[in-house]
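For reference, target05.cif is printed below; it contains mmCIF, C-alpha atoms.
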```cif
data_entry
loop_
_atom_site.label_atom_id
_atom_site.label_comp_id
_atom_site.auth_asym_id
_atom_site.auth_seq_id
_atom_site.Cartn_x
_atom_site.Cartn_y
_atom_site.Cartn_z
CA MET A 202 102.01 70.96 68.61
CA SER A 203 103.41 70.57 65.13
CA GLY A 204 106.59 72.50 64.45
CA GLU A 205 107.89 75.79 65.74
CA ILE A 206 105.73 78.73 66.68
CA LYS A 207 106.09 81.55 64.19
CA VAL A 208 107.25 84.62 66.11
CA ASP A 209 106.50 88.13 64.79
CA GLN A 210 108.20 90.18 67.48
CA ILE A 211 110.66 89.57 70.33
CA LEU A 212 110.70 91.44 73.64
CA ASP A 213 113.59 91.18 76.07
CA CYS A 214 112.52 91.77 79.69
CA LYS A 215 115.42 89.92 81.28
CA GLY A 216 116.62 91.56 84.48
CA MET A 217 113.43 93.56 84.94
CA SER A 218 111.20 93.36 87.97
CA CYS A 219 107.46 93.73 88.44
CA PRO A 220 105.61 95.52 86.93
CA LEU A 221 107.91 96.29 83.97
CA PRO A 222 107.61 92.96 82.08
CA ILE A 223 103.81 93.31 82.11
CA LEU A 224 103.85 96.99 81.10
CA LYS A 225 106.27 96.32 78.24
CA THR A 226 104.38 93.23 77.10
CA LYS A 227 101.15 95.20 76.98
CA LYS A 228 102.79 97.88 74.82
CA ALA A 229 104.38 95.34 72.50
CA VAL A 230 101.16 93.35 72.05
CA GLU A 231 99.26 96.53 71.30
CA ALA A 232 101.65 97.25 68.45
CA LEU A 233 100.94 93.84 66.85
CA SER A 234 98.13 92.91 64.51
CA LYS A 235 95.55 90.34 65.51
CA ASP A 236 96.87 86.73 65.53
CA GLN A 237 100.52 87.83 65.51
CA VAL A 238 102.81 86.31 68.13
CA LEU A 239 105.08 88.06 70.62
CA LYS A 240 107.94 86.19 72.24
CA VAL A 241 108.80 87.61 75.68
CA GLU A 242 111.83 86.62 77.72
CA THR A 243 111.91 87.32 81.46
CA THR A 244 113.95 86.40 84.51
CA ASP A 245 111.49 87.57 87.17
CA PRO A 246 110.11 84.38 88.79
CA GLY A 247 106.87 86.26 89.52
CA SER A 248 106.34 86.87 85.83
CA LYS A 249 105.13 83.33 85.20
CA ASN A 250 101.92 83.80 87.16
CA ASP A 251 101.70 87.51 86.36
CA MET A 252 101.76 86.90 82.64
CA ALA A 253 98.99 84.29 82.94
CA SER A 254 96.82 86.74 84.91
CA TRP A 255 97.53 89.51 82.44
CA ALA A 256 96.64 87.33 79.45
CA LYS A 257 93.43 86.12 81.07
CA ARG A 258 92.35 89.64 81.91
CA THR A 259 93.19 91.16 78.53
CA GLY A 260 91.89 88.21 76.51
CA ASN A 261 95.21 87.36 74.84
CA GLU A 262 96.46 83.82 74.53
CA ILE A 263 99.69 82.34 75.88
CA LEU A 264 100.55 79.61 73.40
CA LYS A 265 103.52 78.24 75.28
CA VAL A 266 105.85 78.93 78.21
CA ASP A 267 109.42 77.62 78.20
CA GLU A 268 111.34 77.53 81.47
CA GLY A 269 115.10 77.54 81.14
CA SER A 270 117.81 78.09 83.71
CA GLY A 271 116.39 81.16 85.43
CA THR A 272 114.57 82.41 82.36
CA PHE A 273 111.00 82.22 81.18
CA THR A 274 110.00 82.48 77.54
CA PHE A 275 106.39 83.27 76.73
CA TYR A 276 104.75 82.98 73.32
CA ILE A 277 101.77 85.31 73.36
CA LYS A 278 99.26 85.47 70.56
CA LYS A 279 97.34 88.69 70.18
CA THR A 280 93.76 87.53 70.21
CA ALA A 281 92.12 90.58 71.74
CA MET B 290 83.66 92.18 79.30
CA ALA B 291 82.79 95.68 80.54
CA GLN B 292 85.83 97.75 81.42
CA LYS B 293 86.75 97.45 85.09
CA LYS B 294 87.68 100.46 87.15
CA MET B 295 90.09 101.09 90.01
CA THR B 296 90.81 104.12 92.14
CA ILE B 297 93.68 104.63 94.53
CA ILE B 298 94.14 107.29 97.17
CA ALA B 299 97.89 107.96 97.48
CA SER B 300 98.38 109.62 100.85
CA LYS B 301 102.05 108.99 101.59
CA GLY B 302 105.14 110.65 100.19
CA SER B 303 108.01 108.41 101.23
CA LEU B 304 109.97 106.47 98.63
CA ASP B 305 108.65 103.09 99.75
CA MET B 306 105.03 104.18 99.94
CA ALA B 307 105.09 105.89 96.55
CA TYR B 308 105.68 102.55 94.83
CA PRO B 309 102.46 100.61 95.53
CA PRO B 310 100.03 103.16 94.04
CA LEU B 311 102.10 103.52 90.87
CA ILE B 312 102.84 99.81 90.43
CA LEU B 313 99.18 98.92 90.84
CA ALA B 314 97.94 101.77 88.67
CA THR B 315 100.26 101.01 85.75
CA THR B 316 99.55 97.29 85.98
CA ALA B 317 95.80 97.84 86.10
CA ALA B 318 96.03 100.08 83.03
CA ALA B 319 98.03 97.36 81.27
CA MET B 320 95.16 95.00 82.14
CA ASP B 321 92.71 97.28 80.36
CA MET B 322 91.29 98.92 83.47
CA ASP B 323 90.26 102.52 83.87
CA VAL B 324 92.42 103.92 86.68
CA THR B 325 92.31 107.06 88.81
CA ILE B 326 94.85 108.07 91.47
CA PHE B 327 93.91 110.77 93.94
CA PHE B 328 97.01 112.34 95.50
CA THR B 329 96.35 113.81 98.92
CA PHE B 330 98.35 114.93 101.96
CA PHE B 331 101.94 113.70 101.68
CA GLY B 332 101.10 111.78 98.52
CA LEU B 333 101.16 115.16 96.77
CA ASP B 334 104.95 115.05 96.99
CA ILE B 335 104.97 112.34 94.31
CA ILE B 336 103.50 114.67 91.68
CA LYS B 337 105.31 117.88 92.58
CA LYS B 338 107.53 118.97 89.67
CA GLY B 339 110.99 117.41 89.83
CA ASN B 340 110.17 115.54 93.00
CA ALA B 341 109.32 111.99 91.92
CA ASP B 342 112.91 110.77 91.97
CA ASN B 343 113.83 112.74 95.10
CA LEU B 344 111.53 111.00 97.55
CA LYS B 345 113.19 109.67 100.68
CA ILE B 346 112.86 106.81 103.09
CA SER B 347 113.55 107.10 106.80
CA PRO B 348 115.08 104.33 108.90
CA ILE B 349 113.23 105.74 111.92
CA GLY B 350 110.24 103.81 113.15
CA ASN B 351 110.69 101.07 110.58
CA PRO B 352 112.13 97.93 112.18
CA ALA B 353 111.87 96.07 108.84
CA MET B 354 114.16 98.51 107.03
CA PRO B 355 117.16 96.49 105.85
CA MET B 356 120.42 98.11 106.96
CA PRO B 357 123.97 96.82 106.44
CA VAL B 358 124.31 96.56 110.22
CA PRO B 359 121.53 96.72 112.82
CA ILE B 360 121.00 100.41 113.65
CA PRO B 361 119.60 101.43 117.03
CA THR B 362 116.64 103.83 116.71
CA LEU B 363 118.56 106.70 118.26
CA VAL B 364 121.41 106.35 115.73
CA GLY B 365 118.86 106.33 112.93
CA SER B 366 117.91 109.87 113.88
CA LEU B 367 121.42 111.25 113.28
CA PRO B 368 122.05 113.56 110.32
CA GLY B 369 122.79 111.64 107.13
CA MET B 370 120.99 108.48 108.13
CA GLU B 371 117.94 109.25 106.01
CA ALA B 372 120.13 109.97 102.98
CA MET B 373 122.00 106.74 103.57
CA ALA B 374 118.83 104.67 103.88
CA THR B 375 117.42 106.31 100.76
CA ALA B 376 120.57 105.71 98.70
CA MET B 377 120.68 102.11 99.84
CA MET B 378 117.04 101.47 98.97
CA LYS B 379 117.45 103.06 95.55
CA SER B 380 120.51 100.95 94.74
CA MET B 381 118.61 97.81 95.78
CA PHE B 382 115.73 98.74 93.48
CA LYS B 383 118.10 99.49 90.63
CA LYS B 384 120.00 96.24 91.07
CA HIS B 385 116.77 94.30 90.77
CA GLY B 386 115.55 96.11 87.68
CA VAL B 387 112.74 97.98 89.42
CA ALA B 388 111.54 101.13 87.65
CA THR B 389 112.05 104.46 89.39
CA ILE B 390 109.08 106.45 90.69
CA GLY B 391 109.63 108.96 87.89
CA GLN B 392 109.51 106.22 85.25
CA LEU B 393 106.37 104.69 86.72
CA LEU B 394 104.70 108.09 86.83
CA GLU B 395 105.50 108.62 83.15
CA LEU B 396 104.24 105.14 82.29
CA ALA B 397 101.05 105.84 84.24
CA LYS B 398 100.42 109.04 82.30
CA GLU B 399 101.25 107.34 79.02
CA SER B 400 98.76 104.56 79.67
CA GLY B 401 95.96 106.96 80.45
CA VAL B 402 95.87 106.79 84.25
CA LYS B 403 93.92 109.79 85.51
CA LEU B 404 95.85 111.79 88.12
CA ILE B 405 94.01 114.08 90.52
CA ALA B 406 95.68 116.39 93.04
CA CYS B 407 93.78 117.23 96.21
CA GLN B 408 93.18 120.98 96.05
CA MET B 409 92.50 121.27 99.78
CA THR B 410 95.87 119.70 100.69
CA MET B 411 97.58 121.94 98.15
CA ASP B 412 96.06 125.03 99.76
CA VAL B 413 97.03 123.89 103.27
CA MET B 414 100.60 123.03 102.24
CA GLY B 415 101.05 126.05 100.00
CA VAL B 416 101.42 124.04 96.80
CA LYS B 417 100.41 125.94 93.67
CA GLN B 418 98.95 124.32 90.55
CA GLU B 419 102.09 125.27 88.61
CA ASP B 420 104.18 123.36 91.17
CA VAL B 421 102.49 120.13 90.07
CA ILE B 422 103.54 118.09 87.00
CA ASP B 423 101.58 118.49 83.78
CA GLY B 424 98.58 116.32 83.04
CA VAL B 425 97.13 116.43 86.55
CA GLU B 426 93.57 117.49 87.33
CA PHE B 427 92.62 119.33 90.50
CA GLY B 428 89.68 118.48 92.70
CA GLY B 429 88.40 117.25 96.01
CA ALA B 430 86.70 114.39 97.78
CA ALA B 431 83.63 114.51 95.52
CA MET B 432 85.75 113.98 92.43
CA TRP B 433 87.33 110.87 93.90
CA MET B 434 83.94 109.64 95.20
CA ASP B 435 82.43 109.96 91.74
CA ALA B 436 85.14 107.73 90.28
CA ALA B 437 85.13 105.35 93.26
CA ALA B 438 81.37 104.78 93.16
CA ASP B 439 81.72 103.10 89.75
CA ALA B 440 84.93 101.19 90.55
CA GLN B 441 85.37 97.55 91.52
CA ILE B 442 88.62 98.26 93.35
CA ASN B 443 89.25 101.24 95.66
CA LEU B 444 92.47 101.39 97.66
CA PHE B 445 93.75 103.78 100.31
CA ILE B 446 97.53 103.77 100.44
#
```
Go ahead and render the structure in this file as structure tokens.
Amino acid sequence: MSGEIKVDQILDCKGMSCPLPILKTKKAVEALSKDQVLKVETTDPGSKNDMASWAKRTGNEILKVDEGSGTFTFYIKKTA
Amino acid sequence: MAQKKMTIIASKGSLDMAYPPLILATTAAAMDMDVTIFFTFFGLDIIKKGNADNLKISPIGNPAMPMPVPIPTLVGSLPGMEAMATAMMKSMFKKHGVATIGQLLELAKESGVKLIACQMTMDVMGVKQEDVIDGVEFGGAAMWMDAAADAQINLFI
């Protein structure tokens, strides 16, 4: 991938457990326009697979996932 | 992709058993599904006004209940033990960033989850329609069956 991903909105879900990161992500993505990108940060280890399932089911695209020390950063493009 | 549907029968009113219906319902709604929860028997307690965040958990008859020290069953039946178990469970949920039942119920309503209260159970238990939170519909088995017949997922909790 060439260069940084342009982020339109940031959502902090650190410290939250299932299902809150998914519920908040859904809300945040709904507020975006098509093709805009949401950056979501989580600490829930379950969120990695959950976010993938959510994106698949809602037809949105996860551009990239960064795993840091205990955190996950998702770049989600609103495609649905 | 045609919209998927899920129904859940929520039949239990303890703190621990109120979570699964609401977690699954809110998540399904966030995944673009059409969701109905039918509250019956003790599940009605979840949607009684002012009750969502006052549900309790009992240490009795639950060997998996985590307690600070192992509690013999007989001790678990003493006054105050239920309050203690409930307070402990709530603090564990809070520490791990889990939403409260009240919050999940609000999120469910916000995301369009349809809530139905079982009228028969209400009559038997003396619960009036005004005792139930706003935004709930009232009906019986046929109402749930109608929703369930078109759903891909139907759960009894």
Just say which residues the PyMOL selection byres ((chain A) within 8 of (chain B)) picks in this file, as number ranges by chain. A: 216-221, 223-224, 227, 255, 258-259
Explicit residue set for the PyMOL selection byres ((chain A and resi 265-279) around 7), as a count of residues only: 17
Could you please determine the separation between atom CA of B:Asp439 and atom CA of B:Lys403 in Å, to one decimal place?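 Going from atom CA of B:Asp439 over to atom CA of B:Lys403, I get 14.5 Å.
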Distance in Å - atom CA of B:Leu394 versus atom CA of B:Lys293: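 These atoms are spaced 20.9 Å apart.
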State, in Å with one decimal place, the distance from atom CA of B:Ala341 to atom CA of B:Thr410. 17.8 Å
Got a sec to resolve the PyMOL selection byres ((chain B and resi 307) around 12) on this structure and send the residues as number ranges by chain? B: 297-306, 308-314, 326, 328, 331-336, 340-346, 388-391, 393-394, 446
Would you please work out which residue, of A:Gly260, A:Ser254, A:Pro246, A:Ile211, is nearest to A:Leu233 when using all atoms listed in the file? A:Ile211
Assuming 4 Å of padding per side, give the centre and edge lengths of the axis-aligned box around every listed atom of stretch 239-244 of chain A, in Å to one decimal and as AutoDock Vina command-line options.
```
--center_x 109.5 --center_y 87.1 --center_z 77.6 --size_x 16.9 --size_y 9.9 --size_z 21.9
```
Need to verify the contact set: stretch 364-374 of chain B, 12 Å, only C-alpha atoms, exclusion of same-chain residues closer than 3 positions in sequence. Can you return it as a list of chain:residue names? B:Ser303, B:Leu304, B:Asp305, B:Asn343, B:Leu344, B:Lys345, B:Ile346, B:Ser347, B:Pro348, B:Ile349, B:Gly350, B:Asn351, B:Pro352, B:Met354, B:Pro355, B:Met356, B:Pro357, B:Val358, B:Pro359, B:Ile360, B:Pro361, B:Met377, B:Met378, B:Lys379, B:Ser380, B:Met381
Would you be able to write out as a list in words which residues have an atom within 12 Å of (83.0, 108.6, 92.7) in the file's coordinates, counting only C-alpha atoms?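 It turns out the residues near that spot are Lys294, Met295, Thr296, Ile297, Thr325, Ile326, Phe327, Gly428, Gly429, Ala430, Ala431, Met432, Trp433, Met434, Asp435, Ala436, Ala437, Ala438, Asp439, Ala440, Gln441, Ile442 and Asn443 of chain B.
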